[in-house]
Amino acid sequence: MSNIMLKDKVAVITGASQGLGEALAIRLSDEGCKVVVADLNYEGAQNVAAQLKDAIAVAVDVTKYEDCEAMAKAAVDKYGRIDILVANAAIVMSGDILEFPAAKFAKVVDVNLNGYFNTVKAVVGYMYEQNSGCIIQINSKSGKKGSFKNCAYAASKFGGVGLTQSLALEFAPHNIRVNSICPGNLLNSPLWVNSLFKQYAANQGTTEEKIREKYLSQVPLGRSCEYEDVANVMVFLASDMASYMTGQAINVTGGQEMR
């Protein structure tokens, strides 16, 4: 895709200090955006921003509305507007429900669902003033289909799809589009390699290699979802080519949801 599509747009992205968020921030910059790199890990956000052509780093805890307000204000103070919001901040904690503390369930929902709400609420007033904007939530295939011994994450992501659709209805008169991207398993990412394979192997009483084989066998296209797959859809949704799309939750799964 040509960088002309997003040239000089101002994009705010949360959860952008590492992993998928970092990759999406880099892609936004490559596509011509001025980028606000927001994360709880401020040092990590600074490191990412330093790689980009025109970017600032902002510390934000998305579970705190006042942090989100400060993030939005920093973006507007620096760049004068906010054209694109990518709500990417999220956490995963899984386990058998009988051994899964209620506090962990609440934490996952607080970051993944309440954090999405807080981020949008803090930003959308500026988009109202512009009478334009694009909001993209990074959701999950687990926002469309239950996830074994992963109830908190799935619940938070199902809620995210409902929030996306509701906000799309509310914001449409203001020329603001809201969509979700539902990636499949990013099996080659640090999150999976360093954490999720271990979590899921322990939960399911098997090996990490068997977990990898299990998830790959569920994908008709026969490979892992990669950062670029998600970034391609993000750029499309943020561009004018998607000007008639709102309230959608788009699968980027290699067909996994069909099995």
# chains A, B, ... in the order shown; residues from 1 in each chain; ligands from 1

$ residues_around --residues "Ile56 of chain A" --least-positions-apart "5" --cutoff "10 Å" --atoms "only C-alpha atoms" --output "list in words"
Val12, Lys34, Val35, Val36, Val37, Ala38, Ala45, Gln46, Val48, Ala49, Ala50, Ala74, Ala75, Lys78 and Tyr79 of chain A

$ select_by_dssp --residues "segment 32-244 of chain A" --states "strand (DSSP E)" --output "list in words"
Lys34, Val35, Val36, Val37, Ala38, Asp39, Ala55, Ile56, Ala57, Val58, Ala59, Ile84, Leu85, Val86, Ala87, Gly133, Cys134, Ile135, Ile136, Gln137, Ile138, Ile176, Arg177, Val178, Asn179, Ser180, Ile181, Cys182 and Pro183 of chain A

$ closest_atom_pairs --of "segment 108-220 of chain A" --to "segment 13-17 of chain A" --cutoff "12 Å" --atoms "only C-alpha atoms" --output "CSV"
residue,atom,partner,partner_atom,distance
A:Val111,CA,A:Gly15,CA,10.5
A:Asn112,CA,A:Gly15,CA,10.7
A:Gly115,CA,A:Thr14,CA,9.7
A:Tyr116,CA,A:Thr14,CA,9.5
A:Asn118,CA,A:Thr14,CA,11.5
A:Thr119,CA,A:Thr14,CA,8.4
A:Val120,CA,A:Thr14,CA,10.9
A:Val123,CA,A:Ile13,CA,11.3
A:Cys134,CA,A:Ile13,CA,11.9
A:Ile135,CA,A:Ile13,CA,10.1
A:Ile136,CA,A:Ile13,CA,9.4
A:Gln137,CA,A:Ile13,CA,9.8
A:Ile138,CA,A:Thr14,CA,10.0

$ write_last_selection --atoms "C-alpha atoms" --output "mmCIF file, in the first residue's frame"
data_model
loop_
_atom_site.group_PDB
_atom_site.id
_atom_site.type_symbol
_atom_site.label_atom_id
_atom_site.label_comp_id
_atom_site.auth_asym_id
_atom_site.auth_seq_id
_atom_site.Cartn_x
_atom_site.Cartn_y
_atom_site.Cartn_z
ATOM 1 C CA VAL A 111 -7.302 -3.654 30.796
ATOM 2 C CA ASN A 112 -8.899 -5.197 27.728
ATOM 3 C CA GLY A 115 -9.187 0.231 28.905
ATOM 4 C CA TYR A 116 -10.688 0.271 25.420
ATOM 5 C CA ASN A 118 -11.368 4.770 28.555
ATOM 6 C CA THR A 119 -9.127 5.276 25.545
ATOM 7 C CA VAL A 120 -12.002 5.959 23.168
ATOM 8 C CA VAL A 123 -10.000 10.710 22.328
ATOM 9 C CA CYS A 134 -11.069 6.337 12.659
ATOM 10 C CA ILE A 135 -10.958 4.030 15.683
ATOM 11 C CA ILE A 136 -9.502 0.537 15.382
ATOM 12 C CA GLN A 137 -9.555 -1.946 18.234
ATOM 13 C CA ILE A 138 -7.125 -4.846 18.102
#

$ select_by_dssp --residues "segment 15-246 of chain A" --states "alpha helix (DSSP H)" --output "JSON, numbers by chain"
{"A": [19, 20, 21, 22, 23, 24, 25, 26, 27, 28, 29, 30, 42, 43, 44, 45, 46, 47, 48, 49, 50, 51, 65, 66, 67, 68, 69, 70, 71, 72, 73, 74, 75, 76, 77, 78, 79, 102, 103, 104, 105, 106, 107, 108, 109, 115, 116, 117, 118, 119, 120, 121, 122, 123, 124, 125, 126, 127, 128, 129, 130, 151, 152, 153, 154, 155, 156, 157, 158, 159, 160, 161, 162, 163, 164, 165, 166, 167, 168, 169, 170, 171, 190, 191, 197, 198, 199, 200, 201, 202, 203, 204, 208, 209, 210, 211, 212, 213, 214, 215, 216, 217, 227, 228, 229, 230, 231, 232, 233, 234, 235, 236, 237, 238]}

$ atom_distance --atom1 "atom CA of Met127 of chain A" --atom2 "atom CA of Asn251 of chain A"
26.3 Å

$ atom_distance --atom1 "atom CA of Ile91 of chain A" --atom2 "atom CA of Gln51 of chain A"
24.5 Å

$ residues_around --residues "Asn139 of chain A" --least-positions-apart "3" --cutoff "8 Å" --atoms "only C-alpha atoms" --output "PyMOL selection string"
chain A and resi 88+142-143+157+160-161+180-183

$ residues_around --residues "segment 191-202 of chain A" --least-positions-apart "5" --cutoff "9 Å" --atoms "only C-alpha atoms" --output "MDAnalysis selection string"
chainID A and resid 19 92:95 149 185:186 207:212

$ residues_around --residues "Lys9 of chain A" --least-positions-apart "2" --cutoff "9 Å" --atoms "only C-alpha atoms" --output "JSON, numbers by chain"
{"A": [5, 6, 7, 11, 32, 33, 34, 35, 81, 82, 83, 84]}

$ decode --residues "segment 25-66 of chain A" --atoms "N, CA and C atoms" --output "PDB file, in the first residue's frame"
ATOM      1  N   ALA A  25       2.919   0.393  15.250  1.00  0.00           N
ATOM      2  CA  ALA A  25       3.406   1.776  15.310  1.00  0.00           C
ATOM      3  C   ALA A  25       4.397   2.044  14.190  1.00  0.00           C
ATOM      4  N   ILE A  26       5.291   1.097  13.965  1.00  0.00           N
ATOM      5  CA  ILE A  26       6.270   1.247  12.886  1.00  0.00           C
ATOM      6  C   ILE A  26       5.565   1.321  11.535  1.00  0.00           C
ATOM      7  N   ARG A  27       4.566   0.489  11.338  1.00  0.00           N
ATOM      8  CA  ARG A  27       3.842   0.495  10.059  1.00  0.00           C
ATOM      9  C   ARG A  27       3.095   1.809   9.856  1.00  0.00           C
ATOM     10  N   LEU A  28       2.471   2.332  10.912  1.00  0.00           N
ATOM     11  CA  LEU A  28       1.789   3.626  10.797  1.00  0.00           C
ATOM     12  C   LEU A  28       2.767   4.715  10.371  1.00  0.00           C
ATOM     13  N   SER A  29       3.959   4.696  10.960  1.00  0.00           N
ATOM     14  CA  SER A  29       4.981   5.669  10.587  1.00  0.00           C
ATOM     15  C   SER A  29       5.412   5.479   9.140  1.00  0.00           C
ATOM     16  N   ASP A  30       5.625   4.245   8.744  1.00  0.00           N
ATOM     17  CA  ASP A  30       6.028   3.960   7.366  1.00  0.00           C
ATOM     18  C   ASP A  30       4.971   4.408   6.361  1.00  0.00           C
ATOM     19  N   GLU A  31       3.709   4.413   6.792  1.00  0.00           N
ATOM     20  CA  GLU A  31       2.613   4.817   5.916  1.00  0.00           C
ATOM     21  C   GLU A  31       2.378   6.325   5.935  1.00  0.00           C
ATOM     22  N   GLY A  32       3.222   7.070   6.654  1.00  0.00           N
ATOM     23  CA  GLY A  32       3.156   8.524   6.610  1.00  0.00           C
ATOM     24  C   GLY A  32       2.561   9.198   7.820  1.00  0.00           C
ATOM     25  N   CYS A  33       2.214   8.434   8.851  1.00  0.00           N
ATOM     26  CA  CYS A  33       1.580   9.009  10.044  1.00  0.00           C
ATOM     27  C   CYS A  33       2.582   9.654  10.985  1.00  0.00           C
ATOM     28  N   LYS A  34       2.086  10.652  11.696  1.00  0.00           N
ATOM     29  CA  LYS A  34       2.721  11.137  12.916  1.00  0.00           C
ATOM     30  C   LYS A  34       2.148  10.296  14.045  1.00  0.00           C
ATOM     31  N   VAL A  35       3.005   9.701  14.867  1.00  0.00           N
ATOM     32  CA  VAL A  35       2.568   8.639  15.762  1.00  0.00           C
ATOM     33  C   VAL A  35       2.787   9.005  17.228  1.00  0.00           C
ATOM     34  N   VAL A  36       1.742   8.793  18.020  1.00  0.00           N
ATOM     35  CA  VAL A  36       1.843   8.909  19.471  1.00  0.00           C
ATOM     36  C   VAL A  36       1.925   7.489  20.014  1.00  0.00           C
ATOM     37  N   VAL A  37       3.102   7.133  20.520  1.00  0.00           N
ATOM     38  CA  VAL A  37       3.388   5.788  21.019  1.00  0.00           C
ATOM     39  C   VAL A  37       3.082   5.768  22.510  1.00  0.00           C
ATOM     40  N   ALA A  38       2.002   5.105  22.887  1.00  0.00           N
ATOM     41  CA  ALA A  38       1.525   5.141  24.272  1.00  0.00           C
ATOM     42  C   ALA A  38       1.620   3.756  24.913  1.00  0.00           C
ATOM     43  N   ASP A  39       2.120   3.725  26.134  1.00  0.00           N
ATOM     44  CA  ASP A  39       2.257   2.440  26.814  1.00  0.00           C
ATOM     45  C   ASP A  39       2.507   2.675  28.297  1.00  0.00           C
ATOM     46  N   LEU A  40       2.143   1.680  29.090  1.00  0.00           N
ATOM     47  CA  LEU A  40       2.469   1.691  30.515  1.00  0.00           C
ATOM     48  C   LEU A  40       3.978   1.704  30.716  1.00  0.00           C
ATOM     49  N   ASN A  41       4.690   1.037  29.812  1.00  0.00           N
ATOM     50  CA  ASN A  41       6.151   0.994  29.822  1.00  0.00           C
ATOM     51  C   ASN A  41       6.674   2.202  29.049  1.00  0.00           C
ATOM     52  N   TYR A  42       6.899   3.299  29.766  1.00  0.00           N
ATOM     53  CA  TYR A  42       7.278   4.546  29.106  1.00  0.00           C
ATOM     54  C   TYR A  42       8.642   4.442  28.435  1.00  0.00           C
ATOM     55  N   GLU A  43       9.588   3.776  29.088  1.00  0.00           N
ATOM     56  CA  GLU A  43      10.915   3.627  28.488  1.00  0.00           C
ATOM     57  C   GLU A  43      10.827   2.863  27.172  1.00  0.00           C
ATOM     58  N   GLY A  44      10.019   1.796  27.163  1.00  0.00           N
ATOM     59  CA  GLY A  44       9.826   1.045  25.926  1.00  0.00           C
ATOM     60  C   GLY A  44       9.171   1.888  24.854  1.00  0.00           C
ATOM     61  N   ALA A  45       8.180   2.698  25.247  1.00  0.00           N
ATOM     62  CA  ALA A  45       7.519   3.584  24.288  1.00  0.00           C
ATOM     63  C   ALA A  45       8.507   4.598  23.712  1.00  0.00           C
ATOM     64  N   GLN A  46       9.385   5.113  24.550  1.00  0.00           N
ATOM     65  CA  GLN A  46      10.404   6.045  24.071  1.00  0.00           C
ATOM     66  C   GLN A  46      11.321   5.386  23.046  1.00  0.00           C
ATOM     67  N   ASN A  47      11.688   4.137  23.318  1.00  0.00           N
ATOM     68  CA  ASN A  47      12.571   3.417  22.399  1.00  0.00           C
ATOM     69  C   ASN A  47      11.911   3.218  21.038  1.00  0.00           C
ATOM     70  N   VAL A  48      10.624   2.922  21.053  1.00  0.00           N
ATOM     71  CA  VAL A  48       9.900   2.759  19.790  1.00  0.00           C
ATOM     72  C   VAL A  48       9.784   4.100  19.068  1.00  0.00           C
ATOM     73  N   ALA A  49       9.389   5.138  19.800  1.00  0.00           N
ATOM     74  CA  ALA A  49       9.225   6.458  19.182  1.00  0.00           C
ATOM     75  C   ALA A  49      10.518   6.945  18.541  1.00  0.00           C
ATOM     76  N   ALA A  50      11.647   6.610  19.155  1.00  0.00           N
ATOM     77  CA  ALA A  50      12.937   7.046  18.628  1.00  0.00           C
ATOM     78  C   ALA A  50      13.249   6.429  17.264  1.00  0.00           C
ATOM     79  N   GLN A  51      12.601   5.307  16.942  1.00  0.00           N
ATOM     80  CA  GLN A  51      12.813   4.643  15.652  1.00  0.00           C
ATOM     81  C   GLN A  51      11.990   5.269  14.527  1.00  0.00           C
ATOM     82  N   LEU A  52      10.987   6.065  14.895  1.00  0.00           N
ATOM     83  CA  LEU A  52      10.006   6.534  13.919  1.00  0.00           C
ATOM     84  C   LEU A  52      10.370   7.914  13.381  1.00  0.00           C
ATOM     85  N   LYS A  53       9.761   8.266  12.256  1.00  0.00           N
ATOM     86  CA  LYS A  53      10.112   9.514  11.577  1.00  0.00           C
ATOM     87  C   LYS A  53       9.628  10.734  12.340  1.00  0.00           C
ATOM     88  N   ASP A  54       8.417  10.675  12.869  1.00  0.00           N
ATOM     89  CA  ASP A  54       7.826  11.814  13.585  1.00  0.00           C
ATOM     90  C   ASP A  54       6.909  11.239  14.657  1.00  0.00           C
ATOM     91  N   ALA A  55       7.392  11.168  15.894  1.00  0.00           N
ATOM     92  CA  ALA A  55       6.636  10.476  16.940  1.00  0.00           C
ATOM     93  C   ALA A  55       6.994  11.016  18.311  1.00  0.00           C
ATOM     94  N   ILE A  56       6.057  10.850  19.238  1.00  0.00           N
ATOM     95  CA  ILE A  56       6.316  11.121  20.648  1.00  0.00           C
ATOM     96  C   ILE A  56       5.878   9.906  21.462  1.00  0.00           C
ATOM     97  N   ALA A  57       6.461   9.770  22.626  1.00  0.00           N
ATOM     98  CA  ALA A  57       6.087   8.702  23.548  1.00  0.00           C
ATOM     99  C   ALA A  57       5.279   9.294  24.695  1.00  0.00           C
ATOM    100  N   VAL A  58       4.281   8.540  25.146  1.00  0.00           N
ATOM    101  CA  VAL A  58       3.432   8.963  26.255  1.00  0.00           C
ATOM    102  C   VAL A  58       3.234   7.773  27.193  1.00  0.00           C
ATOM    103  N   ALA A  59       3.355   8.011  28.486  1.00  0.00           N
ATOM    104  CA  ALA A  59       3.067   6.978  29.474  1.00  0.00           C
ATOM    105  C   ALA A  59       1.563   6.938  29.716  1.00  0.00           C
ATOM    106  N   VAL A  60       0.975   5.748  29.652  1.00  0.00           N
ATOM    107  CA  VAL A  60      -0.467   5.629  29.890  1.00  0.00           C
ATOM    108  C   VAL A  60      -0.793   4.281  30.508  1.00  0.00           C
ATOM    109  N   ASP A  61      -1.621   4.325  31.535  1.00  0.00           N
ATOM    110  CA  ASP A  61      -2.268   3.140  32.082  1.00  0.00           C
ATOM    111  C   ASP A  61      -3.718   3.226  31.631  1.00  0.00           C
ATOM    112  N   VAL A  62      -4.117   2.375  30.685  1.00  0.00           N
ATOM    113  CA  VAL A  62      -5.442   2.522  30.086  1.00  0.00           C
ATOM    114  C   VAL A  62      -6.577   2.227  31.063  1.00  0.00           C
ATOM    115  N   THR A  63      -6.261   1.642  32.213  1.00  0.00           N
ATOM    116  CA  THR A  63      -7.306   1.422  33.217  1.00  0.00           C
ATOM    117  C   THR A  63      -7.611   2.687  34.001  1.00  0.00           C
ATOM    118  N   LYS A  64      -6.817   3.740  33.794  1.00  0.00           N
ATOM    119  CA  LYS A  64      -7.014   5.020  34.478  1.00  0.00           C
ATOM    120  C   LYS A  64      -7.445   6.063  33.450  1.00  0.00           C
ATOM    121  N   TYR A  65      -8.682   6.525  33.581  1.00  0.00           N
ATOM    122  CA  TYR A  65      -9.214   7.463  32.597  1.00  0.00           C
ATOM    123  C   TYR A  65      -8.386   8.745  32.529  1.00  0.00           C
ATOM    124  N   GLU A  66      -7.899   9.213  33.680  1.00  0.00           N
ATOM    125  CA  GLU A  66      -7.121  10.447  33.674  1.00  0.00           C
ATOM    126  C   GLU A  66      -5.827  10.290  32.873  1.00  0.00           C
TER     127      GLU A  66
END
